[in-house]
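J.: Can you keep this structure in mind? I'll have questions shortly.
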Amino acid sequence: MTSGERHFLDLASQLASDIQSYAPDCLELLQCIDDVASGRCAYEEFEGNSSVVRCTPAGVTVQSLGPVPSGTTYTVDEARAVILNYFNFLAPSVEDRKRHLGTWEQEHGGPFSGRHLLRLNE
């Protein structure tokens, strides 16, 4: 594993262990990032079973909740790109992405602000 790959280990672990195969939670993470990046919120947090993701104007930090504390901070662009890649892995077709988007919007009672990121017209 290269040092560049190691840099993304905490975020990849969070996605694999906390998001698992529930793609709408990727959208929840993206919404948290967008809320802070757009200035709608000063701080957002997403807590899973193994880690907590903290979104601030300075970046996105993934903090392990395991017995050996670890954490890594990513830029908004880094975190967004990795989460979108994982979402596309879980939802490889346009139909899958639209279905998961619909689930997220139904659960949250409104539109997802990052629709333009989801490649819904391919």
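Here's how to read the names in the structure tokens: chain A, B, ... by the order shown, residue numbers from 1 in each chain, ligand numbers from 1 in the order shown.
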Near A:Asp96, within 12 Å and counting only C-alpha atoms, which residues show up once chain neighbours fewer than 6 positions away are dropped, as a PyMOL selection string?
T.: chain A and resi 22-24+87-90+102-103+118-120
J.: Using only C-alpha atoms for the distances, tell me which of A:Ala81, A:Ala12, A:Cys55, A:Val76 is nearest to A:Leu117.
T.: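 That would be A:Ala81, the residue with the smallest distance to A:Leu117.
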J.: Looking at only C-alpha atoms, which of A:Thr73, A:Thr61, A:Gln20, A:Thr56 is the one that sits closest to A:Ala42?
T.: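 Going through A:Thr73, A:Thr61, A:Gln20, A:Thr56 one by one, the smallest distance to A:Ala42 is for A:Thr56.
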J.: Would you mind reading off the distance between atom CA of A:Thr2 and atom CA of A:Pro69, one decimal, in Å?
T.: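 Straight-line distance from atom CA of A:Thr2 to atom CA of A:Pro69 works out to 21.5 Å.
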J.: Sorted by chain and rising residue number, list the residues of stretch 100-122 of chain A at most 10 Å from stretch 27-41 of chain A (counting only C-alpha atoms), each with its closest atom pair and distance in Å to one decimal, as JSON lines.
T.:
```
{"residue": "A:His100", "atom": "CA", "partner": "A:Leu27", "partner_atom": "CA", "distance": 8.6}
{"residue": "A:Leu101", "atom": "CA", "partner": "A:Leu27", "partner_atom": "CA", "distance": 7.6}
{"residue": "A:Trp104", "atom": "CA", "partner": "A:Leu27", "partner_atom": "CA", "distance": 7.1}
{"residue": "A:Glu105", "atom": "CA", "partner": "A:Leu27", "partner_atom": "CA", "distance": 9.6}
{"residue": "A:His108", "atom": "CA", "partner": "A:Glu28", "partner_atom": "CA", "distance": 9.4}
{"residue": "A:Phe112", "atom": "CA", "partner": "A:Gln31", "partner_atom": "CA", "distance": 7.2}
{"residue": "A:Ser113", "atom": "CA", "partner": "A:Gln31", "partner_atom": "CA", "distance": 6.9}
{"residue": "A:Gly114", "atom": "CA", "partner": "A:Gln31", "partner_atom": "CA", "distance": 7.0}
{"residue": "A:Arg115", "atom": "CA", "partner": "A:Leu27", "partner_atom": "CA", "distance": 9.4}
{"residue": "A:Leu117", "atom": "CA", "partner": "A:Leu30", "partner_atom": "CA", "distance": 9.7}
{"residue": "A:Leu118", "atom": "CA", "partner": "A:Leu27", "partner_atom": "CA", "distance": 9.5}
```
J.: For each of A:Ala79, A:Pro67, A:Val60, A:Thr72, take the minimum atom-to-atom distance to A:Tyr43, counting only C-alpha atoms, then give the residue where this is smallest.
T.: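 Closest candidate: A:Val60.
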J.: Please run DSSP on the backbone and report, as a PyMOL selection string, all residues within stretch 31-85 of chain A that come out as strand (DSSP E or B).
T.: chain A and resi 44-47+51-56+59-64+71-74
J.: Any chance you could export the current selection's N, CA and C atoms as an mmCIF file, in the first residue's frame?
T.:
```
data_model
loop_
_atom_site.group_PDB
_atom_site.id
_atom_site.type_symbol
_atom_site.label_atom_id
_atom_site.label_comp_id
_atom_site.auth_asym_id
_atom_site.auth_seq_id
_atom_site.Cartn_x
_atom_site.Cartn_y
_atom_site.Cartn_z
ATOM 1 N N GLU A 44 -21.325 19.669 10.776
ATOM 2 C CA GLU A 44 -22.214 18.513 10.635
ATOM 3 C C GLU A 44 -21.443 17.275 11.064
ATOM 4 N N GLU A 45 -22.179 16.291 11.555
ATOM 5 C CA GLU A 45 -21.546 15.060 12.033
ATOM 6 C C GLU A 45 -22.396 13.862 11.615
ATOM 7 N N PHE A 46 -21.716 12.785 11.236
ATOM 8 C CA PHE A 46 -22.366 11.520 10.892
ATOM 9 C C PHE A 46 -21.666 10.446 11.711
ATOM 10 N N GLU A 47 -22.405 9.821 12.613
ATOM 11 C CA GLU A 47 -21.800 8.797 13.463
ATOM 12 C C GLU A 47 -22.290 7.421 13.055
ATOM 13 N N SER A 51 -16.964 4.677 13.383
ATOM 14 C CA SER A 51 -16.296 5.973 13.282
ATOM 15 C C SER A 51 -17.326 7.103 13.276
ATOM 16 N N VAL A 52 -16.797 8.290 13.424
ATOM 17 C CA VAL A 52 -17.618 9.491 13.311
ATOM 18 C C VAL A 52 -16.966 10.382 12.256
ATOM 19 N N VAL A 53 -17.806 10.942 11.390
ATOM 20 C CA VAL A 53 -17.351 11.850 10.348
ATOM 21 C C VAL A 53 -17.771 13.251 10.760
ATOM 22 N N ARG A 54 -16.807 14.146 10.849
ATOM 23 C CA ARG A 54 -17.068 15.530 11.240
ATOM 24 C C ARG A 54 -16.744 16.444 10.065
ATOM 25 N N CYS A 55 -17.733 17.212 9.652
ATOM 26 C CA CYS A 55 -17.572 18.135 8.534
ATOM 27 C C CYS A 55 -17.514 19.556 9.067
ATOM 28 N N THR A 56 -16.448 20.258 8.724
ATOM 29 C CA THR A 56 -16.262 21.647 9.119
ATOM 30 C C THR A 56 -15.775 22.417 7.893
ATOM 31 N N GLY A 59 -12.499 21.077 6.537
ATOM 32 C CA GLY A 59 -12.387 19.777 5.883
ATOM 33 C C GLY A 59 -13.280 18.744 6.537
ATOM 34 N N VAL A 60 -13.049 17.501 6.160
ATOM 35 C CA VAL A 60 -13.841 16.371 6.630
ATOM 36 C C VAL A 60 -12.905 15.439 7.392
ATOM 37 N N THR A 61 -13.210 15.219 8.673
ATOM 38 C CA THR A 61 -12.373 14.368 9.513
ATOM 39 C C THR A 61 -13.116 13.081 9.832
ATOM 40 N N VAL A 62 -12.449 11.959 9.630
ATOM 41 C CA VAL A 62 -12.981 10.657 10.006
ATOM 42 C C VAL A 62 -12.201 10.210 11.234
ATOM 43 N N GLN A 63 -12.904 10.021 12.342
ATOM 44 C CA GLN A 63 -12.298 9.633 13.609
ATOM 45 C C GLN A 63 -12.782 8.238 13.974
ATOM 46 N N SER A 64 -11.850 7.315 14.145
ATOM 47 C CA SER A 64 -12.194 5.948 14.515
ATOM 48 C C SER A 64 -12.750 5.910 15.929
ATOM 49 N N GLY A 71 -7.410 8.997 13.211
ATOM 50 C CA GLY A 71 -8.252 9.896 12.445
ATOM 51 C C GLY A 71 -7.471 10.556 11.342
ATOM 52 N N THR A 72 -8.183 10.931 10.310
ATOM 53 C CA THR A 72 -7.572 11.600 9.165
ATOM 54 C C THR A 72 -8.519 12.697 8.700
ATOM 55 N N THR A 73 -7.946 13.825 8.316
ATOM 56 C CA THR A 73 -8.729 14.917 7.766
ATOM 57 C C THR A 73 -8.494 14.989 6.265
ATOM 58 N N TYR A 74 -9.580 15.162 5.537
ATOM 59 C CA TYR A 74 -9.562 15.233 4.079
ATOM 60 C C TYR A 74 -10.100 16.587 3.644
#
```
J.: Identify all residues of stretch 3-112 of chain A in helix (DSSP H, G or I) (DSSP on the backbone) and supply them as an MDAnalysis selection string.
T.: chainID A and resid 3:7 9:19 24:37 76:90 94:108
J.: Counting only C-alpha atoms, figure out which residue out of A:Gly109, A:Asn49, A:Ile83, A:Pro57 gets nearest to A:Phe8.
T.: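 Checking each of A:Gly109, A:Asn49, A:Ile83, A:Pro57 against A:Phe8, counting only C-alpha atoms, the winner is A:Ile83.
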J.: Quick one: of A:Ala58, A:Leu15, A:Ala91, A:Leu65, who's nearest to A:Asp77, counting only C-alpha atoms?
T.: A:Ala58
J.: A:Asn121, A:Cys26, A:Asp18, A:Asp10: which is nearest A:Asn85, counting only C-alpha atoms?
T.: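 Among the listed residues, A:Cys26 lies closest to A:Asn85.
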